[in-house]
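Q: Pasting target.cif here (mmCIF, C-alpha atoms):
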```cif
data_final
loop_
_atom_site.label_atom_id
_atom_site.label_comp_id
_atom_site.auth_asym_id
_atom_site.auth_seq_id
_atom_site.Cartn_x
_atom_site.Cartn_y
_atom_site.Cartn_z
CA MET A 152 4.70 23.58 -3.56
CA SER A 153 1.50 22.22 -1.98
CA TYR A 154 -1.36 24.47 -0.87
CA LYS A 155 -1.76 24.09 2.90
CA ILE A 156 -4.99 24.10 4.90
CA TYR A 157 -4.90 23.94 8.71
CA LEU A 158 -7.87 22.53 10.62
CA TYR A 159 -6.72 23.35 14.13
CA ASP A 160 -9.26 23.78 16.94
CA THR A 161 -9.50 27.19 18.58
CA GLU A 162 -11.15 28.26 21.82
CA THR A 163 -14.40 28.82 19.94
CA ASP A 164 -14.22 26.68 16.79
CA CYS A 165 -14.13 22.96 16.04
CA ILE A 166 -15.22 20.84 13.03
CA GLY A 167 -18.32 22.52 11.63
CA SER A 168 -17.66 26.10 12.69
CA GLY A 169 -15.38 29.00 11.80
CA ASN A 170 -12.29 28.03 9.84
CA LEU A 171 -13.07 24.35 10.39
CA SER A 172 -16.39 24.33 8.55
CA SER A 173 -17.22 22.71 5.22
CA VAL A 174 -17.96 26.17 3.77
CA TYR A 175 -14.47 27.37 4.69
CA ILE A 176 -12.86 24.22 3.25
CA GLN A 177 -14.76 24.72 0.01
CA THR A 178 -13.40 28.26 -0.39
CA GLN A 179 -9.87 27.03 0.39
CA LEU A 180 -10.08 24.25 -2.19
CA GLU A 181 -11.34 26.70 -4.79
CA ALA A 182 -8.35 28.93 -4.01
CA ALA A 183 -6.01 25.94 -4.43
CA ALA A 184 -7.29 25.66 -8.00
CA GLY A 185 -6.30 22.06 -8.59
CA ASP A 186 -2.82 22.23 -7.03
CA ASP A 187 -1.74 19.55 -4.56
CA VAL A 188 -3.18 20.23 -1.10
CA GLU A 189 -1.98 19.35 2.40
CA VAL A 190 -4.71 19.32 5.06
CA HIS A 191 -3.23 19.46 8.58
CA ILE A 192 -5.58 18.33 11.36
CA SER A 193 -5.50 18.85 15.11
CA SER A 194 -9.06 18.66 16.40
CA VAL A 195 -11.24 16.99 19.02
CA GLY A 196 -14.06 16.72 16.47
CA GLY A 197 -17.43 18.41 16.13
CA SER A 198 -20.29 18.01 13.66
CA ALA A 199 -20.51 14.58 12.02
CA PHE A 200 -22.50 16.03 9.11
CA ASP A 201 -19.95 18.77 8.45
CA ALA A 202 -17.18 16.18 8.68
CA ILE A 203 -18.88 14.06 6.01
CA ALA A 204 -19.30 17.16 3.84
CA ILE A 205 -15.58 17.99 4.18
CA TYR A 206 -14.71 14.35 3.44
CA ASP A 207 -16.74 14.54 0.22
CA LEU A 208 -15.09 17.82 -0.78
CA LEU A 209 -11.62 16.32 -0.31
CA LYS A 210 -12.51 13.17 -2.24
CA LYS A 211 -13.96 15.14 -5.16
CA TYR A 212 -11.07 17.59 -5.39
CA PRO A 213 -9.26 17.12 -8.74
CA GLY A 214 -5.76 17.54 -7.31
CA LYS A 215 -3.87 15.31 -4.87
CA ILE A 216 -5.03 15.62 -1.27
CA THR A 217 -2.76 14.54 1.58
CA THR A 218 -4.16 14.70 5.10
CA TYR A 219 -1.84 15.02 8.09
CA ILE A 220 -2.85 14.09 11.64
CA ASP A 221 -0.57 16.48 13.48
CA ALA A 222 -1.65 15.90 17.08
CA LEU A 223 -5.19 14.59 17.33
CA ALA A 224 -7.95 13.54 14.95
CA ALA A 225 -10.82 12.57 17.23
CA SER A 226 -14.48 11.91 16.56
CA ALA A 227 -15.60 13.94 13.51
CA ALA A 228 -12.01 15.01 12.79
CA SER A 229 -11.09 11.35 12.18
CA VAL A 230 -13.64 11.30 9.34
CA VAL A 231 -12.01 14.35 7.75
CA ALA A 232 -8.60 12.65 8.00
CA MET A 233 -9.89 9.71 5.94
CA GLY A 234 -10.53 12.09 3.02
CA GLY A 235 -6.90 12.23 1.96
CA ARG A 236 -5.60 10.21 -0.96
CA LYS A 237 -2.73 9.61 1.46
CA VAL A 238 -3.08 9.86 5.24
CA ILE A 239 0.08 10.65 7.22
CA MET A 240 0.12 10.63 11.01
CA SER A 241 2.71 12.07 13.36
CA LYS A 242 4.32 9.35 15.44
CA TYR A 243 3.22 11.32 18.51
CA ALA A 244 -0.40 11.85 17.42
CA LEU A 245 -3.62 10.01 18.33
CA LEU A 246 -6.65 8.93 16.30
CA MET A 247 -9.99 8.29 18.01
CA ILE A 248 -13.30 6.92 16.71
CA HIS A 249 -16.56 6.47 18.65
CA LYS A 250 -20.33 6.29 18.30
CA PRO A 251 -22.08 9.49 17.12
CA MET A 252 -23.87 11.45 19.82
CA VAL A 253 -26.65 14.02 19.98
CA GLY A 254 -27.77 16.37 22.73
CA THR A 255 -31.54 16.23 22.75
CA GLY A 256 -34.70 16.08 24.77
CA GLY A 257 -38.34 15.34 24.21
CA ASN A 258 -40.85 12.51 24.48
CA ALA A 259 -40.30 8.81 23.82
CA ASP A 260 -41.25 9.09 20.13
CA GLU A 261 -38.81 11.93 19.54
CA LEU A 262 -36.02 10.09 21.38
CA LEU A 263 -36.68 6.95 19.32
CA LYS A 264 -36.29 8.98 16.13
CA ASP A 265 -32.96 10.27 17.43
CA VAL A 266 -31.82 6.69 18.07
CA GLN A 267 -32.77 5.67 14.55
CA MET A 268 -30.98 8.70 13.11
CA LEU A 269 -27.82 7.98 15.13
CA ASN A 270 -27.77 4.38 13.88
CA VAL A 271 -27.98 5.58 10.28
CA VAL A 272 -25.18 8.10 10.88
CA GLN A 273 -22.99 5.40 12.42
CA GLU A 274 -23.53 3.22 9.32
CA ARG A 275 -22.26 6.05 7.10
CA LEU A 276 -19.26 6.77 9.34
CA ALA A 277 -18.41 3.07 9.51
CA GLN A 278 -18.50 2.84 5.72
CA ILE A 279 -15.95 5.66 5.45
CA TYR A 280 -13.62 3.86 7.86
CA MET A 281 -14.17 0.56 6.01
CA ASP A 282 -13.40 2.13 2.63
CA LYS A 283 -10.11 3.48 3.96
CA SER A 284 -8.92 0.59 6.11
CA GLY A 285 -10.27 -2.39 4.18
CA LEU A 286 -11.61 -3.83 7.45
CA ASP A 287 -14.99 -5.56 7.55
CA GLY A 288 -18.10 -3.97 9.04
CA VAL A 289 -18.13 -6.09 12.20
CA THR A 290 -14.57 -5.10 13.07
CA VAL A 291 -15.07 -1.40 12.34
CA ASN A 292 -18.32 -1.18 14.31
CA SER A 293 -16.66 -2.99 17.20
CA LEU A 294 -13.92 -0.33 17.21
CA ILE A 295 -16.54 2.44 17.03
CA ASN A 296 -18.65 0.97 19.84
CA SER A 297 -15.59 0.55 22.07
CA VAL A 298 -14.46 4.20 21.73
CA THR A 299 -11.05 3.30 20.26
CA TRP A 300 -7.95 5.44 20.71
CA MET A 301 -5.13 4.56 18.30
CA THR A 302 -1.47 5.42 18.29
CA ALA A 303 0.22 5.93 14.94
CA ASP A 304 1.55 2.35 14.93
CA GLN A 305 -1.90 0.93 15.72
CA ALA A 306 -3.60 3.11 13.10
CA LEU A 307 -1.06 1.98 10.49
CA ASP A 308 -1.53 -1.70 11.38
CA LEU A 309 -5.32 -1.36 11.10
CA GLY A 310 -5.12 0.50 7.79
CA PHE A 311 -6.55 3.85 8.91
CA ILE A 312 -3.37 5.67 7.83
CA ASP A 313 -0.77 5.13 5.12
CA GLN A 314 2.40 6.46 6.71
CA ILE A 315 3.89 7.54 10.02
CA GLU A 316 5.74 10.85 9.96
CA ASP A 317 9.11 10.60 11.66
CA TYR A 318 11.26 13.64 12.24
CA GLN A 319 14.64 11.91 12.26
CA THR A 320 17.02 12.99 9.52
CA GLU A 321 17.45 10.42 6.76
CA ILE A 322 20.93 8.95 6.94
CA THR A 323 22.84 8.68 3.65
CA ASN A 324 24.06 5.11 4.07
CA SER A 325 20.73 3.87 5.36
CA ALA A 326 18.99 5.58 2.45
CA LEU A 327 21.42 3.95 0.04
CA ILE A 328 20.62 0.47 1.36
CA LYS A 329 16.89 1.19 1.29
CA ASN A 330 17.10 2.25 -2.34
CA TYR A 331 18.70 -1.07 -3.23
CA THR A 332 16.34 -3.23 -1.20
CA ASN A 333 13.14 -1.36 -2.05
CA ALA A 334 13.77 -1.44 -5.80
CA ALA A 335 14.91 -5.06 -5.91
CA PRO A 336 12.63 -8.10 -6.38
CA ALA A 337 11.43 -9.70 -3.16
CA VAL A 338 13.93 -12.54 -3.32
CA TYR A 339 16.83 -10.06 -3.52
CA GLN A 340 15.45 -8.09 -0.59
CA ARG A 341 15.35 -11.18 1.61
CA CYS A 342 18.92 -12.13 0.74
CA ILE A 343 20.33 -8.63 1.19
CA ASN A 344 18.55 -8.10 4.52
CA LYS A 345 20.07 -11.33 5.82
CA LEU A 346 23.57 -10.33 4.79
CA LEU A 347 23.40 -6.69 5.85
CA ASN A 348 22.37 -5.52 9.29
CA ILE A 349 20.65 -2.30 8.26
CA ASN A 350 20.02 -1.37 11.90
CA ASN A 351 23.74 -1.40 12.69
CA ASN A 352 24.70 2.06 13.89
CA SER A 353 28.00 1.86 12.05
CA MET A 354 26.07 2.35 8.81
CA ASN A 355 24.29 5.43 10.08
CA ILE A 356 27.04 7.99 9.58
CA GLU A 357 27.93 10.48 6.90
CA ASN A 358 31.10 8.96 5.47
CA LYS A 359 32.03 9.14 1.78
CA GLU A 360 34.49 6.26 2.00
CA LEU A 361 31.89 4.06 3.67
CA ILE A 362 29.29 5.07 1.08
CA GLU A 363 31.63 4.02 -1.74
CA LYS A 364 32.34 0.70 -0.04
CA THR A 365 28.62 0.13 0.58
CA THR A 366 27.82 0.81 -3.07
CA SER A 367 30.55 -1.56 -4.26
CA VAL A 368 29.44 -4.35 -1.93
CA LEU A 369 25.78 -3.98 -2.87
CA ASN A 370 26.57 -4.01 -6.59
CA LYS A 371 28.55 -7.22 -6.18
CA ILE A 372 25.79 -8.81 -4.10
CA MET A 373 23.10 -7.83 -6.60
CA ASN A 374 25.09 -9.17 -9.56
CA PHE A 375 25.82 -12.42 -7.71
CA PHE A 376 22.20 -13.09 -6.83
CA LYS A 377 21.02 -12.26 -10.33
CA LYS A 378 23.17 -15.12 -11.57
CA VAL A 379 22.33 -17.57 -8.80
CA VAL A 380 18.57 -17.26 -8.40
CA ASN A 381 17.56 -16.69 -12.03
CA LYS A 382 15.64 -19.73 -13.19
CA GLN A 383 13.94 -19.73 -16.58
CA THR A 384 10.83 -21.35 -17.96
CA ILE A 385 10.05 -21.40 -21.68
CA THR A 386 6.44 -20.63 -22.64
CA ASP A 387 4.50 -19.89 -25.79
CA LYS A 388 4.91 -16.17 -25.09
CA GLY A 389 8.63 -16.18 -24.41
CA THR A 390 10.83 -17.01 -21.44
CA LEU A 391 9.68 -16.35 -17.87
CA HIS A 392 12.41 -15.64 -15.32
CA HIS A 393 11.87 -16.53 -11.66
CA ALA A 394 13.65 -17.36 -8.42
CA ASP A 395 11.09 -19.66 -6.81
CA GLN A 396 9.40 -22.77 -8.12
CA ILE A 397 6.57 -22.40 -10.62
CA GLU A 398 3.59 -22.37 -8.30
CA GLU A 399 0.74 -20.12 -7.20
CA GLY A 400 2.03 -16.86 -5.72
CA ALA A 401 5.48 -17.09 -7.31
CA GLU A 402 6.89 -13.91 -8.87
CA VAL A 403 7.82 -14.09 -12.56
CA TYR A 404 9.66 -11.58 -14.71
CA GLN A 405 10.16 -10.95 -18.43
CA ASP A 406 13.84 -10.00 -18.21
CA GLU A 407 17.00 -11.72 -16.97
CA ASP A 408 17.64 -9.06 -14.34
CA MET A 409 14.20 -9.83 -12.90
CA THR A 410 13.24 -6.17 -12.63
CA THR A 411 10.26 -6.07 -15.02
CA PRO A 412 7.25 -8.14 -13.91
CA ALA A 413 5.76 -10.48 -16.50
CA ILE A 414 2.79 -9.13 -18.44
CA SER A 415 -0.61 -10.24 -17.20
CA ASP A 416 -1.64 -13.09 -19.50
CA THR A 417 -2.05 -16.86 -19.75
CA TYR A 418 1.20 -18.68 -20.55
CA THR A 419 1.45 -22.24 -21.85
CA CYS A 420 4.56 -24.18 -20.82
CA ALA A 421 6.39 -26.81 -22.84
CA ASP A 422 4.77 -29.64 -20.88
CA GLY A 423 1.29 -28.21 -21.47
CA LYS A 424 0.74 -26.56 -18.10
CA GLN A 425 -0.94 -23.16 -18.18
CA LEU A 426 0.03 -20.26 -15.95
CA ASP A 427 -2.41 -17.46 -15.22
CA VAL A 428 -0.19 -14.44 -14.46
CA LYS A 429 -1.42 -11.11 -13.13
CA HIS A 430 0.80 -8.18 -12.12
CA GLY A 431 3.90 -10.35 -12.21
CA LYS A 432 2.55 -13.11 -9.95
CA ILE A 433 1.24 -16.56 -10.81
CA GLN A 434 -2.42 -16.76 -9.82
CA THR A 435 -3.16 -20.33 -10.87
CA VAL A 436 -1.31 -23.30 -12.36
CA THR A 437 -3.52 -25.51 -14.56
CA PRO A 438 -2.13 -29.03 -15.12
CA ALA A 439 -1.60 -30.20 -18.69
CA ASP A 440 -4.23 -32.25 -20.49
CA PRO A 441 -2.70 -35.78 -20.67
CA GLU A 442 -4.07 -36.24 -24.19
CA THR A 443 -2.40 -33.11 -25.56
CA ALA A 444 0.75 -32.86 -23.39
CA PRO A 445 4.02 -33.55 -25.28
CA GLU A 446 5.97 -36.70 -24.47
CA ALA A 447 8.87 -36.18 -22.07
CA GLU A 448 11.59 -37.95 -24.06
CA ASP A 449 13.68 -34.89 -24.74
CA GLU A 450 12.38 -31.54 -23.54
CA ASP A 451 14.28 -29.38 -26.00
CA ASP A 452 13.71 -31.62 -29.05
CA ASN A 453 9.96 -31.94 -28.45
CA LEU A 454 9.14 -28.24 -28.24
CA PRO A 455 6.68 -27.43 -31.08
CA GLU A 456 8.49 -24.96 -33.32
CA SER A 457 5.26 -23.17 -34.11
CA LYS A 458 4.72 -22.26 -30.47
CA PHE A 459 8.10 -22.23 -28.71
CA LYS A 460 11.28 -20.48 -29.70
CA SER A 461 14.46 -22.38 -28.99
CA THR A 462 17.24 -20.76 -27.01
CA LYS A 463 20.98 -21.20 -27.51
CA LYS A 464 21.86 -19.39 -24.29
CA LEU A 465 23.62 -21.33 -21.54
CA LEU A 466 21.38 -21.25 -18.45
CA MET A 467 22.47 -21.88 -14.89
CA TYR A 468 19.03 -23.29 -14.12
CA LYS A 469 16.14 -24.21 -16.38
CA THR A 470 12.77 -25.54 -15.31
CA VAL A 471 9.83 -26.61 -17.37
CA CYS A 472 7.01 -25.64 -15.04
CA SER A 473 8.07 -28.15 -12.40
CA SER A 474 6.36 -27.56 -9.08
#
```
Translate this structure into structure tokens?

A:
Amino acid sequence: MSYKIYLYDTETDCIGSGNLSSVYIQTQLEAAAGDDVEVHISSVGGSAFDAIAIYDLLKKYPGKITTYIDALAASAASVVAMGGRKVIMSKYALLMIHKPMVGTGGNADELLKDVQMLNVVQERLAQIYMDKSGLDGVTVNSLINSVTWMTADQALDLGFIDQIEDYQTEITNSALIKNYTNAAPAVYQRCINKLLNINNNSMNIENKELIEKTTSVLNKIMNFFKKVVNKQTITDKGTLHHADQIEEGAEVYQDEDMTTPAISDTYTCADGKQLDVKHGKIQTVTPADPETAPEAEDEDDNLPESKFKSTKKLLMYKTVCSS
């Protein structure tokens, strides 16, 4: 069970004071002793410096930190929210970012120093948002300067959060379909989603008979598509299995079921083309050198035995790095 920390504003405390200070968070993290931690946030903000300190504490914590935006993470509280390894936001909550402010007085020189300090602080806050969202500096600073309020959907689209928390009960049949589609290669997902209307309310009921029928249908669909879309390309490091043409961005697998992505490496095809594969996707296709490419009289007979293993298996489709 996760250790829970609640950063909820009170009548007297906000980020930087009381149970919402960096000192309090440090004692709570020490008490958690490396266990997974959930940090629940509902705050209008407070001290930017204390927020950065809390952010650093969360990032340095050895266990898994998940931050939850329960109602509002505004101003400094939005910085704290970014400290989670995973940021989850209630679908009813709001996230707000804006320029740092300071209440001050004094002569022109003192005010100019405050301006310079605020610009430096904004640079640091912007970097935190950039690191989380992946947005560029111009975009993030534009959002900061505009005083941006985000719903959960907007925050997810912009990359400030990782997940929206929905309180609807997971439906058995819907969950079953999601398990199939989420675990399948992308080409299977597209085909299944076209054939099954997963938003159809008739699927969203607890019904054992329907569950059994759904499972049977999905198994048949999966087995059918495995046979139909599985194309194979022979390389010097074994056979690559794929559904799309051999081209940049295509997914390739090392097994016939197309469940295990191909190992990151450079593969040489029978016609001399080279495929640079990383994380199961083709990054680049380098054309064959005309002087070294094998003649195309008979593909199977011309495969160099020292580099390519022949296959006796009957294939429904076979390509030799054709694009």

Q: Return as a JSON list (two decimals) with C-alpha atoms, in the coordinates of the input the set of residues that the PyMOL selection byres ((chain A and resi 180) around 10) yields on the displayed structure.

A:
```json
[["chain", "number", "residue", "atom", "x", "y", "z"],
["A", 154, "TYR", "CA", -1.36, 24.47, -0.87],
["A", 155, "LYS", "CA", -1.76, 24.09, 2.90],
["A", 156, "ILE", "CA", -4.99, 24.10, 4.90],
["A", 175, "TYR", "CA", -14.47, 27.37, 4.69],
["A", 176, "ILE", "CA", -12.86, 24.22, 3.25],
["A", 177, "GLN", "CA", -14.76, 24.72, 0.01],
["A", 178, "THR", "CA", -13.40, 28.26, -0.39],
["A", 179, "GLN", "CA", -9.87, 27.03, 0.39],
["A", 181, "GLU", "CA", -11.34, 26.70, -4.79],
["A", 182, "ALA", "CA", -8.35, 28.93, -4.01],
["A", 183, "ALA", "CA", -6.01, 25.94, -4.43],
["A", 184, "ALA", "CA", -7.29, 25.66, -8.00],
["A", 185, "GLY", "CA", -6.30, 22.06, -8.59],
["A", 186, "ASP", "CA", -2.82, 22.23, -7.03],
["A", 187, "ASP", "CA", -1.74, 19.55, -4.56],
["A", 188, "VAL", "CA", -3.18, 20.23, -1.10],
["A", 208, "LEU", "CA", -15.09, 17.82, -0.78],
["A", 209, "LEU", "CA", -11.62, 16.32, -0.31],
["A", 212, "TYR", "CA", -11.07, 17.59, -5.39],
["A", 213, "PRO", "CA", -9.26, 17.12, -8.74],
["A", 214, "GLY", "CA", -5.76, 17.54, -7.31]]
```

Q: Can you tell me how far CA of Gly257 in chain A sits from CA of Leu276 in chain A, in Å to one decimal?

A: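 Separation between CA of Gly257 in chain A and CA of Leu276 in chain A: 25.7 Å.
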
Q: Between A:Gly285, A:Gly167, A:Pro412, A:Gly235, which residue has the minimum interatomic distance to Lys211 in chain A, considering all atoms listed in the file?

A: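 Closest candidate: A:Gly235.
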
Q: Leaving out Ala232 in chain A and any residue of its chain fewer than 5 positions from it, which residues lie within 7 Å of it when counting all atoms listed in the file, given as number ranges by chain?

A: A: 218, 220, 238

Q: Calculate how many Å separate CA of Ala244 in chain A from CA of Ile315 in chain A, rounding to one decimal.

A: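 Between CA of Ala244 in chain A and CA of Ile315 in chain A the gap works out to 9.6 Å.
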
Q: Grab the CA of Asn292 in chain A to CA of Ser226 in chain A distance for me, in Å with one decimal place.

A: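 Those two atoms sit 13.8 Å apart.
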
Q: Do you know which residues the PyMOL selection byres ((chain A and resi 301) around 7) returns on this file, as a list in words?

A: Leu245, Leu246, Met247, Thr299, Trp300, Thr302, Ala303, Gln305 and Ala306 of chain A

Q: List, as a list in words, every residue that the PyMOL selection byres ((chain A and resi 266) around 12) selects in the file provided.

A: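 That expression, the PyMOL selection byres ((chain A and resi 266) around 12), corresponds here to Lys250, Pro251, Met252, Val253, Gly254, Thr255, Gly256, Ala259, Asp260, Glu261, Leu262, Leu263, Lys264, Asp265, Gln267, Met268, Leu269, Asn270, Val271, Val272 and Gln273 of chain A.
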
Q: Measuring atom to atom with all atoms listed in the file, identify which of A:Lys424, A:Lys429, A:Lys237, A:Lys382 is nearest to Asp408 in chain A.

A: A:Lys382

Q: Choose the residue, out of A:Ala204, A:Ser153, A:Gln278, A:Phe311, that has the smallest atom-to-atom separation from Ser229 in chain A; count only C-alpha atoms.

A: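 Counting only C-alpha atoms, the residue closest to Ser229 in chain A is A:Phe311.
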
Q: For Arg236 in chain A, please output as an MDAnalysis selection string all residues within 8 Å (counting only C-alpha atoms; exclusion window: fewer than 4 positions along the same chain).

A: chainID A and resid 210 215:218
